[in-house]
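A.B. asks: What follows is the file upload_39.tsv, containing TSV, C-alpha atoms:
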```tsv
chain	number	residue	atom	x	y	z
A	1341	MET	CA	-38.16	-101.42	71.39
A	1342	GLY	CA	-35.31	-103.48	69.89
A	1343	ASN	CA	-37.71	-106.00	68.36
A	1344	ARG	CA	-39.91	-103.26	67.07
A	1345	LEU	CA	-36.95	-101.54	65.44
A	1346	SER	CA	-35.71	-104.77	63.86
A	1347	LEU	CA	-39.19	-105.46	62.52
A	1348	LEU	CA	-39.39	-101.97	61.06
A	1349	THR	CA	-35.92	-102.39	59.60
A	1350	VAL	CA	-36.96	-105.67	57.99
A	1351	ILE	CA	-40.09	-104.01	56.61
A	1352	ALA	CA	-38.01	-101.12	55.30
A	1353	ILE	CA	-35.50	-103.46	53.64
A	1354	ALA	CA	-38.29	-105.55	52.13
A	1355	ALA	CA	-39.95	-102.41	50.80
A	1356	VAL	CA	-36.70	-101.20	49.26
A	1357	ALA	CA	-36.07	-104.64	47.73
A	1358	MET	CA	-39.58	-104.71	46.25
A	1359	LEU	CA	-39.09	-101.21	44.93
A	1360	ALA	CA	-35.72	-102.12	43.42
A	1361	GLY	CA	-37.31	-105.14	41.77
A	1362	ALA	CA	-40.18	-103.08	40.44
A	1363	LEU	CA	-37.83	-100.41	39.14
A	1364	ALA	CA	-35.58	-103.00	37.51
A	1365	GLN	CA	-38.60	-104.57	35.83
A	1366	ARG	CA	-39.83	-101.16	34.72
A	1367	THR	CA	-36.42	-100.41	33.20
A	1368	LEU	CA	-36.18	-103.78	31.50
A	1369	GLU	CA	-39.66	-103.51	30.05
A	1370	ARG	CA	-38.87	-100.11	28.51
A	1371	PRO	CA	-42.28	-98.56	29.18
A	1372	ALA	CA	-44.25	-96.84	26.47
A	1373	ALA	CA	-43.69	-93.12	26.02
A	1374	SER	CA	-47.07	-92.31	27.54
A	1375	GLU	CA	-46.11	-93.96	30.82
A	1376	SER	CA	-44.38	-91.72	33.33
A	1377	ASN	CA	-40.93	-92.57	34.60
A	1378	PHE	CA	-40.16	-91.59	38.15
A	1379	ASP	CA	-36.52	-91.02	38.98
A	1380	ALA	CA	-36.95	-90.17	42.65
A	1381	ALA	CA	-40.42	-91.25	43.72
A	1382	THR	CA	-41.65	-94.62	44.87
A	1383	VAL	CA	-45.22	-94.11	43.74
A	1384	ILE	CA	-47.89	-95.94	45.68
A	1385	PRO	CA	-50.30	-97.43	43.11
A	1386	GLU	CA	-53.34	-97.03	45.40
A	1387	PRO	CA	-52.66	-93.92	47.54
A	1388	LEU	CA	-52.98	-94.65	51.25
A	1389	SER	CA	-55.22	-92.76	53.63
A	1390	LEU	CA	-53.24	-91.09	56.39
A	1391	PRO	CA	-53.92	-91.82	60.04
A	1392	THR	CA	-55.89	-89.14	61.86
A	1393	PHE	CA	-53.47	-86.76	63.55
A	1394	GLU	CA	-53.33	-83.39	65.26
A	1395	LEU	CA	-50.05	-81.49	65.47
A	1396	SER	CA	-49.37	-77.93	66.60
A	1397	GLY	CA	-48.64	-75.15	64.15
A	1398	VAL	CA	-47.80	-71.56	64.94
A	1399	ASP	CA	-51.45	-70.52	64.37
A	1400	GLY	CA	-53.12	-73.51	66.02
A	1401	PRO	CA	-53.71	-77.20	65.36
A	1402	ILE	CA	-52.65	-78.76	62.07
A	1403	THR	CA	-54.70	-81.79	61.15
A	1404	ASN	CA	-55.39	-83.94	58.09
A	1405	THR	CA	-57.41	-81.10	56.57
A	1406	TYR	CA	-54.20	-79.13	55.97
A	1407	PHE	CA	-53.44	-81.34	52.97
A	1408	ALA	CA	-56.74	-80.68	51.16
A	1409	GLY	CA	-56.26	-79.12	47.77
A	1410	ARG	CA	-52.46	-79.08	47.70
A	1411	TRP	CA	-49.46	-81.31	47.08
A	1412	THR	CA	-47.41	-81.48	50.27
A	1413	VAL	CA	-43.96	-82.89	50.88
A	1414	VAL	CA	-43.59	-83.89	54.53
A	1415	PHE	CA	-40.11	-83.99	56.08
A	1416	PHE	CA	-39.38	-85.20	59.61
A	1417	GLY	CA	-36.37	-83.57	61.30
A	1418	PHE	CA	-35.33	-81.15	64.05
A	1419	SER	CA	-33.87	-77.67	64.12
A	1420	ASN	CA	-30.77	-78.57	66.18
A	1421	CYS	CA	-29.64	-80.66	63.23
A	1422	PRO	CA	-26.65	-79.05	61.52
A	1423	ASP	CA	-26.26	-81.16	58.39
A	1424	ILE	CA	-29.04	-83.27	56.95
A	1425	CYS	CA	-32.05	-81.12	57.97
A	1426	PRO	CA	-30.84	-77.81	56.51
A	1427	THR	CA	-29.52	-79.72	53.49
A	1428	THR	CA	-32.91	-81.34	52.91
A	1429	LEU	CA	-34.86	-78.11	53.47
A	1430	ALA	CA	-32.57	-76.20	51.10
A	1431	THR	CA	-33.08	-78.96	48.52
A	1432	LEU	CA	-36.85	-78.73	49.02
A	1433	ALA	CA	-36.73	-74.93	48.62
A	1434	SER	CA	-35.10	-75.35	45.21
A	1435	MET	CA	-37.56	-78.13	44.37
A	1436	ALA	CA	-40.57	-75.99	45.32
A	1437	ALA	CA	-39.30	-73.05	43.26
A	1438	GLU	CA	-39.06	-75.37	40.28
A	1439	VAL	CA	-42.44	-77.07	40.76
A	1440	ARG	CA	-44.37	-73.88	41.56
A	1441	SER	CA	-44.53	-72.68	37.95
A	1442	SER	CA	-46.61	-75.71	36.94
A	1443	VAL	CA	-48.05	-76.77	40.33
A	1444	PRO	CA	-48.68	-73.55	42.31
A	1445	GLU	CA	-50.26	-75.45	45.21
A	1446	VAL	CA	-47.03	-77.26	46.18
A	1447	SER	CA	-46.22	-77.11	49.87
A	1448	VAL	CA	-43.60	-78.39	52.31
A	1449	MET	CA	-44.35	-79.38	55.90
A	1450	PHE	CA	-41.42	-79.70	58.30
A	1451	VAL	CA	-42.40	-81.89	61.25
A	1452	SER	CA	-40.01	-81.42	64.16
A	1453	VAL	CA	-39.60	-84.74	65.97
A	1454	ASP	CA	-37.80	-82.93	68.80
A	1455	PRO	CA	-40.65	-81.27	70.74
A	1456	GLU	CA	-38.42	-81.02	73.82
A	1457	ARG	CA	-36.32	-78.32	72.10
A	1458	ASP	CA	-38.56	-77.13	69.25
A	1459	THR	CA	-41.75	-75.25	69.99
A	1460	PRO	CA	-44.23	-74.95	67.09
A	1461	ASP	CA	-42.90	-71.41	66.67
A	1462	ASP	CA	-39.28	-72.68	66.45
A	1463	ALA	CA	-40.25	-75.33	63.91
A	1464	ASP	CA	-42.18	-72.84	61.81
A	1465	ARG	CA	-39.47	-70.17	61.81
A	1466	TYR	CA	-36.88	-72.79	60.93
A	1467	ALA	CA	-38.91	-74.06	57.96
A	1468	ARG	CA	-39.75	-70.56	56.70
A	1469	PHE	CA	-36.08	-69.59	56.76
A	1470	PHE	CA	-35.62	-71.84	53.74
A	1471	ASP	CA	-38.83	-70.82	51.94
A	1472	ALA	CA	-41.49	-68.43	53.16
A	1473	SER	CA	-44.23	-70.80	51.96
A	1474	PHE	CA	-43.02	-73.71	54.12
A	1475	ILE	CA	-44.77	-74.62	57.36
A	1476	GLY	CA	-43.21	-76.07	60.50
A	1477	VAL	CA	-45.17	-78.08	63.06
A	1478	THR	CA	-44.55	-80.34	66.03
A	1479	GLY	CA	-46.47	-81.96	68.86
A	1480	SER	CA	-46.19	-84.12	71.94
A	1481	ASP	CA	-44.62	-87.53	71.46
A	1482	ALA	CA	-48.09	-89.06	71.52
A	1483	ALA	CA	-49.32	-86.62	68.87
A	1484	LEU	CA	-46.25	-87.22	66.71
A	1485	ARG	CA	-46.50	-90.99	67.01
A	1486	ALA	CA	-50.12	-90.94	65.87
A	1487	LEU	CA	-48.77	-89.85	62.50
A	1488	THR	CA	-45.33	-91.47	62.38
A	1489	GLU	CA	-45.95	-95.00	63.66
A	1490	PRO	CA	-48.61	-96.09	61.15
A	1491	LEU	CA	-46.37	-94.76	58.36
A	1492	GLY	CA	-43.23	-96.53	59.60
A	1493	VAL	CA	-41.48	-93.19	60.21
A	1494	LEU	CA	-38.87	-93.47	62.96
A	1495	TYR	CA	-37.29	-91.01	65.34
A	1496	ILE	CA	-35.03	-91.94	68.21
A	1497	ARG	CA	-33.28	-89.66	70.70
A	1498	VAL	CA	-29.63	-90.60	71.10
A	1499	PRO	CA	-27.48	-89.11	73.92
A	1500	GLN	CA	-24.54	-87.09	72.63
A	1501	GLY	CA	-21.96	-84.94	74.41
A	1502	ASP	CA	-22.20	-84.17	78.12
A	1503	ASP	CA	-25.92	-83.59	78.49
A	1504	GLY	CA	-27.08	-83.23	74.92
A	1505	TYR	CA	-28.70	-85.55	72.44
A	1506	THR	CA	-29.22	-85.90	68.74
A	1507	VAL	CA	-32.25	-87.38	67.02
A	1508	ASP	CA	-31.92	-90.19	64.50
A	1509	HIS	CA	-34.81	-89.87	62.09
A	1510	THR	CA	-36.29	-91.25	58.90
A	1511	SER	CA	-34.75	-89.42	55.97
A	1512	SER	CA	-37.45	-90.30	53.43
A	1513	LEU	CA	-39.87	-87.61	52.33
A	1514	LEU	CA	-43.59	-88.29	52.05
A	1515	LEU	CA	-45.70	-86.84	49.27
A	1516	ILE	CA	-49.33	-86.23	50.24
A	1517	ASN	CA	-51.88	-85.69	47.46
A	1518	PRO	CA	-54.69	-83.08	47.51
A	1519	ASP	CA	-57.04	-85.73	48.96
A	1520	GLY	CA	-54.77	-86.09	51.98
A	1521	GLN	CA	-53.46	-89.51	50.96
A	1522	LEU	CA	-49.89	-90.77	50.86
A	1523	SER	CA	-49.08	-90.74	47.17
A	1524	ALA	CA	-45.33	-91.36	46.99
A	1525	VAL	CA	-42.17	-91.68	49.05
A	1526	PHE	CA	-38.79	-90.16	48.20
A	1527	SER	CA	-35.75	-91.95	49.64
A	1528	ALA	CA	-32.46	-90.18	50.42
A	1529	PRO	CA	-30.24	-88.89	48.95
A	1530	HIS	CA	-32.61	-86.24	47.67
A	1531	ASP	CA	-32.21	-84.64	44.26
A	1532	GLU	CA	-34.24	-81.47	43.80
A	1533	ALA	CA	-34.62	-81.79	40.02
A	1534	ALA	CA	-35.73	-85.43	40.17
A	1535	ILE	CA	-38.24	-84.74	42.96
A	1536	ALA	CA	-39.53	-81.66	41.13
A	1537	ALA	CA	-40.02	-83.62	37.90
A	1538	ASP	CA	-41.83	-86.46	39.68
A	1539	ILE	CA	-44.18	-84.18	41.64
A	1540	THR	CA	-44.97	-82.21	38.50
A	1541	ALA	CA	-45.73	-85.44	36.63
A	1542	LEU	CA	-47.92	-86.81	39.45
A	1543	ALA	CA	-49.80	-83.53	39.88
A	1544	THR	CA	-50.35	-83.12	36.15
A	1545	ALA	CA	-51.74	-86.64	35.83
A	1546	TYR	CA	-53.96	-86.30	38.92
B	835	MET	CA	6.08	-69.50	40.32
B	836	ARG	CA	7.50	-72.94	40.84
B	837	HIS	CA	5.97	-74.11	37.62
B	838	THR	CA	7.62	-71.47	35.44
B	839	THR	CA	9.94	-73.88	33.70
B	840	LYS	CA	7.18	-76.34	32.99
B	841	GLN	CA	4.78	-73.60	31.92
B	842	ARG	CA	7.40	-72.28	29.51
B	843	SER	CA	7.98	-75.71	28.05
B	844	LEU	CA	4.23	-76.12	27.74
B	845	GLN	CA	3.94	-72.78	25.96
B	846	THR	CA	6.80	-73.72	23.67
B	847	LEU	CA	4.93	-76.89	22.83
B	848	LEU	CA	1.61	-75.18	22.25
B	849	HIS	CA	3.12	-72.52	20.03
B	850	SER	CA	5.64	-74.67	18.25
B	851	PRO	CA	5.18	-75.34	14.52
B	852	LEU	CA	4.13	-78.85	15.51
B	853	HIS	CA	0.96	-77.46	16.98
B	854	THR	CA	-0.19	-76.13	13.63
B	855	LYS	CA	-0.39	-79.68	12.39
B	856	PRO	CA	-3.40	-81.75	13.44
B	857	MET	CA	-1.51	-83.90	15.89
B	858	LYS	CA	-3.62	-85.09	18.80
B	859	ILE	CA	-0.53	-86.22	20.65
B	860	VAL	CA	0.50	-82.63	21.42
B	861	PRO	CA	-2.40	-81.68	23.71
B	862	LEU	CA	-2.15	-85.11	25.30
B	863	PHE	CA	1.51	-84.55	25.97
B	864	ALA	CA	0.72	-81.09	27.32
B	865	ALA	CA	-1.81	-82.59	29.70
B	866	PHE	CA	0.81	-85.11	30.77
B	867	LEU	CA	3.27	-82.30	31.48
B	868	LEU	CA	0.61	-80.44	33.45
B	869	SER	CA	-0.13	-83.51	35.51
B	870	LEU	CA	3.58	-83.90	36.20
B	871	GLY	CA	3.63	-80.30	37.32
B	872	ALA	CA	0.75	-80.95	39.72
B	873	CYS	CA	2.34	-84.04	41.23
B	874	THR	CA	5.98	-83.12	41.55
B	875	PRO	CA	6.47	-79.45	42.24
B	876	ASP	CA	10.01	-78.37	42.99
B	877	ALA	CA	9.25	-77.85	46.69
B	878	PRO	CA	6.73	-80.26	48.27
B	879	ALA	CA	3.31	-78.62	48.76
B	880	GLY	CA	1.80	-78.88	52.22
B	881	PRO	CA	-1.76	-79.78	53.19
B	882	SER	CA	-4.46	-77.21	52.38
B	883	LEU	CA	-8.16	-76.51	52.79
B	884	THR	CA	-10.25	-75.62	49.72
B	885	ASP	CA	-13.91	-75.45	48.56
B	886	ALA	CA	-15.05	-74.29	51.99
B	887	TRP	CA	-18.59	-73.05	52.66
B	888	VAL	CA	-21.01	-72.82	55.55
B	889	ARG	CA	-24.75	-73.44	55.33
B	890	ALA	CA	-26.75	-70.33	56.18
B	891	ALA	CA	-28.94	-70.81	59.24
B	892	PRO	CA	-31.64	-68.83	61.02
B	893	SER	CA	-29.69	-66.71	63.49
B	894	GLU	CA	-31.91	-67.55	66.42
B	895	ARG	CA	-31.03	-71.22	66.02
B	896	ALA	CA	-27.56	-70.98	64.58
B	897	MET	CA	-26.81	-74.67	64.47
B	898	THR	CA	-25.22	-75.35	61.14
B	899	ALA	CA	-22.32	-77.04	59.38
B	900	ALA	CA	-19.16	-76.17	57.49
B	901	TYR	CA	-18.02	-78.15	54.46
B	902	LEU	CA	-14.63	-78.18	52.75
B	903	ALA	CA	-11.95	-80.32	51.15
B	904	VAL	CA	-8.82	-81.29	53.07
B	905	ASN	CA	-6.01	-81.81	50.56
B	906	ASN	CA	-3.02	-83.83	51.63
B	907	PRO	CA	-0.44	-83.83	48.82
B	908	THR	CA	2.31	-85.02	51.18
B	909	ASP	CA	3.64	-88.56	51.29
B	910	LYS	CA	2.45	-89.09	54.87
B	911	PRO	CA	-1.06	-89.51	56.30
B	912	LEU	CA	-2.46	-86.32	57.82
B	913	THR	CA	-4.35	-86.61	61.11
B	914	ILE	CA	-6.94	-83.98	62.00
B	915	THR	CA	-6.79	-83.46	65.75
B	916	GLY	CA	-9.30	-80.66	66.21
B	917	VAL	CA	-11.64	-78.19	64.50
B	918	ARG	CA	-12.53	-74.61	65.41
B	919	ALA	CA	-14.56	-71.73	64.06
B	920	PRO	CA	-14.06	-68.39	65.80
B	921	GLY	CA	-17.64	-67.49	64.72
B	922	SER	CA	-19.21	-70.17	66.88
B	923	ALA	CA	-18.91	-71.14	70.53
B	924	ASP	CA	-18.14	-74.72	69.68
B	925	ALA	CA	-17.20	-76.77	66.63
B	926	MET	CA	-17.14	-80.53	66.30
B	927	LEU	CA	-16.19	-83.03	63.68
B	928	HIS	CA	-19.27	-85.06	62.82
B	929	THR	CA	-20.52	-87.41	60.19
B	930	THR	CA	-23.99	-88.24	58.98
B	931	ILE	CA	-24.66	-91.91	58.37
B	932	GLU	CA	-27.59	-92.90	56.23
B	933	SER	CA	-28.71	-96.48	56.73
B	934	ASP	CA	-32.03	-98.34	56.53
B	935	GLY	CA	-33.70	-95.09	55.54
B	936	VAL	CA	-32.65	-93.43	58.80
B	937	SER	CA	-30.30	-90.47	59.08
B	938	ARG	CA	-27.91	-90.60	62.04
B	939	MET	CA	-25.38	-87.98	63.10
B	940	ARG	CA	-22.36	-89.15	65.06
B	941	PRO	CA	-19.15	-87.51	66.36
B	942	LEU	CA	-15.99	-88.41	64.49
B	943	PRO	CA	-13.22	-88.82	67.11
B	944	ALA	CA	-10.37	-88.57	64.59
B	945	LEU	CA	-9.91	-88.29	60.89
B	946	VAL	CA	-6.93	-89.33	58.83
B	947	VAL	CA	-6.47	-88.02	55.29
B	948	PRO	CA	-4.31	-90.61	53.50
B	949	ALA	CA	-1.07	-89.54	51.82
B	950	GLY	CA	-1.68	-87.94	48.43
B	951	GLU	CA	-5.45	-87.84	48.89
B	952	THR	CA	-8.25	-85.34	49.44
B	953	THR	CA	-11.05	-85.89	51.93
B	954	ARG	CA	-14.22	-83.97	51.16
B	955	PHE	CA	-16.61	-82.79	53.88
B	956	GLU	CA	-20.01	-82.72	52.16
B	957	PRO	CA	-23.72	-82.42	53.02
B	958	GLY	CA	-24.98	-85.77	54.23
B	959	GLY	CA	-21.45	-86.90	55.15
B	960	ILE	CA	-18.50	-85.58	57.14
B	961	HIS	CA	-19.06	-82.02	58.36
B	962	ILE	CA	-17.92	-79.56	60.99
B	963	MET	CA	-20.89	-78.92	63.27
B	964	LEU	CA	-20.98	-75.27	64.34
B	965	VAL	CA	-22.74	-74.74	67.64
B	966	ARG	CA	-24.01	-71.51	69.20
B	967	ALA	CA	-22.95	-68.92	66.68
B	968	THR	CA	-21.45	-65.68	67.86
B	969	VAL	CA	-21.81	-64.16	64.40
B	970	GLU	CA	-24.69	-64.23	61.89
B	971	PHE	CA	-24.57	-67.14	59.50
B	972	GLU	CA	-26.13	-65.06	56.74
B	973	GLU	CA	-25.67	-65.51	53.02
B	974	GLY	CA	-22.78	-63.28	51.95
B	975	ALA	CA	-20.90	-63.51	55.25
B	976	ALA	CA	-17.68	-65.51	55.61
B	977	ILE	CA	-16.65	-67.69	58.55
B	978	GLN	CA	-13.10	-68.61	59.41
B	979	ILE	CA	-12.56	-72.34	59.80
B	980	GLU	CA	-9.48	-73.75	61.50
B	981	ILE	CA	-8.34	-77.36	61.45
B	982	ASP	CA	-5.56	-78.60	63.73
B	983	THR	CA	-3.31	-81.28	62.29
B	984	ASP	CA	-0.70	-83.55	63.81
B	985	ALA	CA	2.33	-82.49	61.76
B	986	HIS	CA	1.32	-79.34	59.89
B	987	GLY	CA	-0.03	-77.06	62.59
B	988	THR	CA	-3.34	-75.28	62.06
B	989	LEU	CA	-4.80	-74.97	58.56
B	990	GLN	CA	-7.17	-72.07	57.94
B	991	VAL	CA	-9.72	-71.16	55.32
B	992	LEU	CA	-12.40	-68.51	54.97
B	993	ALA	CA	-15.75	-70.14	54.21
B	994	PRO	CA	-18.50	-68.13	52.51
B	995	VAL	CA	-21.99	-68.60	53.96
B	996	ARG	CA	-24.51	-69.91	51.43
B	997	VAL	CA	-28.12	-71.11	51.56
B	998	GLN	CA	-27.56	-73.59	48.74
B	999	ALA	CA	-24.60	-75.89	48.20
B	1000	PRO	CA	-22.21	-74.71	45.47
B	1001	ALA	CA	-22.70	-76.49	42.16
B	1002	VAL	CA	-20.64	-79.67	41.85
B	1003	GLU	CA	-17.93	-79.30	39.24
```
Show this structure as structure tokens.
C.D. replies:
Amino acid sequence: MGNRLSLLTVIAIAAVAMLAGALAQRTLERPAASESNFDAATVIPEPLSLPTFELSGVDGPITNTYFAGRWTVVFFGFSNCPDICPTTLATLASMAAEVRSSVPEVSVMFVSVDPERDTPDDADRYARFFDASFIGVTGSDAALRALTEPLGVLYIRVPQGDDGYTVDHTSSLLLINPDGQLSAVFSAPHDEAAIAADITALATAY
Amino acid sequence: MRHTTKQRSLQTLLHSPLHTKPMKIVPLFAAFLLSLGACTPDAPAGPSLTDAWVRAAPSERAMTAAYLAVNNPTDKPLTITGVRAPGSADAMLHTTIESDGVSRMRPLPALVVPAGETTRFEPGGIHIMLVRATVEFEEGAAIQIEIDTDAHGTLQVLAPVRVQAPAVE
């Protein structure tokens, strides 16, 4: 577990370093006006196919087909999270309201990585509290890992208090394109206006 | 009320014949006087809580956080020894740490606000975790927040419940 985590950490750091380099180069080169600038997104030049997964939604299984025909931001969290999860979902609600005028098919999927405490119904109600169009899903650890592991998304239960625990989790948001491919990643801290502008630009150019 | 003398002198300055002349030094001097007023009031101001708000949460979950600023204008460090919110069964001082792309929430055993400084509790950082609400954390409601300190008793503030963070000034 430790080695695996260190390896993932190294991969994450390398990815951030490469991104920083690429961004620095982009800034230095002063791209032509026709080229899009992305303030929040790390855009993947060749969108990646997602692993095959099946999670549980309130109305049944949610699989790769959910993403067809829409732009979806995927956020991994849990509903017993008092700070970063509601903060991120509130940010995404503002973002979606902004994007919707130009990209009506924008969607947000909240994946609870705490299936022990969140049923699909809990996850869905939690997500919809922030925006009625959001969807909340979860699944067994095996079902969650089918999606998270290939993407380098982490979640770790950490004991806290007498018999409780918190869940450390990846704070980056994933943007899935209407072909169900990973199109971009947004790293924390999240800025609703920057994310909205980047998604609008990506969707318009698609 | 304490600032009456300084306010009067400021008014005198602003309305003096000098002010009719285009002298940039006057507003600068006024700002200087104001800053003096803020730093050295006649009686020393005690610690206070400001900019408080609570994130709205679905009532059936009711796990949320309170944010505020702890101002310590005194010349001694202020130690926070406990937090409470009568609207929730439990309240805890926590912080969110973001590292290597992973968000981690950890308890904060103690917090010291240095002399003359303000410590801000903000989303993604230090926050008061509110557990098991006994009232609805609905937009428009207000939650009382209490912070125990070592030398200044309990500080209180009423925190409005909001879905979105207030705009940063």
A.B. asks: Determine which residues of chain A sit within 9 Å of chain B, taking into account only C-alpha atoms, and present them as a ChimeraX atom specification.
C.D. replies: /A:1349-1350,1352-1353,1419-1424,1426-1427,1430-1431,1434,1462,1465-1466,1469-1470,1493-1495,1500-1501,1506-1512,1527-1529
A.B. asks: Neighbourhood query: residues within 7 Å of (-38.2, -94.1, 45.2), file coordinates, counting all atoms listed in the file; return as a ChimeraX atom specification.
C.D. replies: /A:1380-1382,1525-1527
A.B. asks: Would you mind listing what lies within 10 Å of B:Thr983 as a list in words, with only C-alpha atoms counted and same-chain residues fewer than 4 positions away left out?
C.D. replies: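 These residues fall inside the cut-off: Pro881, Leu912, Thr913, Ile914, Thr915, Gly916, Val917, Leu945, Val946, Gly987, Thr988 and Leu989 of chain B.
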A.B. asks: What gap, in Å, lies between atom CA of A:Phe1474 and atom CA of B:Phe971?
C.D. replies: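 Answer for the atom CA of A:Phe1474 to atom CA of B:Phe971 separation: 20.3 Å.
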A.B. asks: Figure out the distance between atom CA of B:Asp924 and atom CA of B:Pro943, please, to one decimal in Å.
C.D. replies: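 According to the coordinates, atom CA of B:Pro943 and atom CA of B:Asp924 are separated by 15.2 Å.
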A.B. asks: Grab the atom CA of A:Arg1497 to atom CA of B:Leu902 distance for me, in Å with one decimal place.
C.D. replies: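 Going from atom CA of A:Arg1497 over to atom CA of B:Leu902, I get 28.3 Å.
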A.B. asks: Please tell me which residues are no farther than 10 Å from (-40.2, -84.3, 66.4) in the file, counting all atoms listed in the file, and write them as a PyMOL selection string.
C.D. replies: chain A and resi 1416-1419+1450-1459+1463+1477-1481+1483-1485+1488+1494-1497+1507+1509
A.B. asks: Taking into account all atoms listed in the file, which residue in the set A:Leu1513, A:Leu1487, A:Met1435, A:Ala1482 is nearest to A:Glu1532?
C.D. replies: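 Ranked by minimum distance to A:Glu1532, first place goes to A:Met1435.
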A.B. asks: Between B:Arg954, B:Pro907, B:Arg918, B:Trp887, which is the closest to B:Asp982 once you count only C-alpha atoms?
C.D. replies: B:Arg918
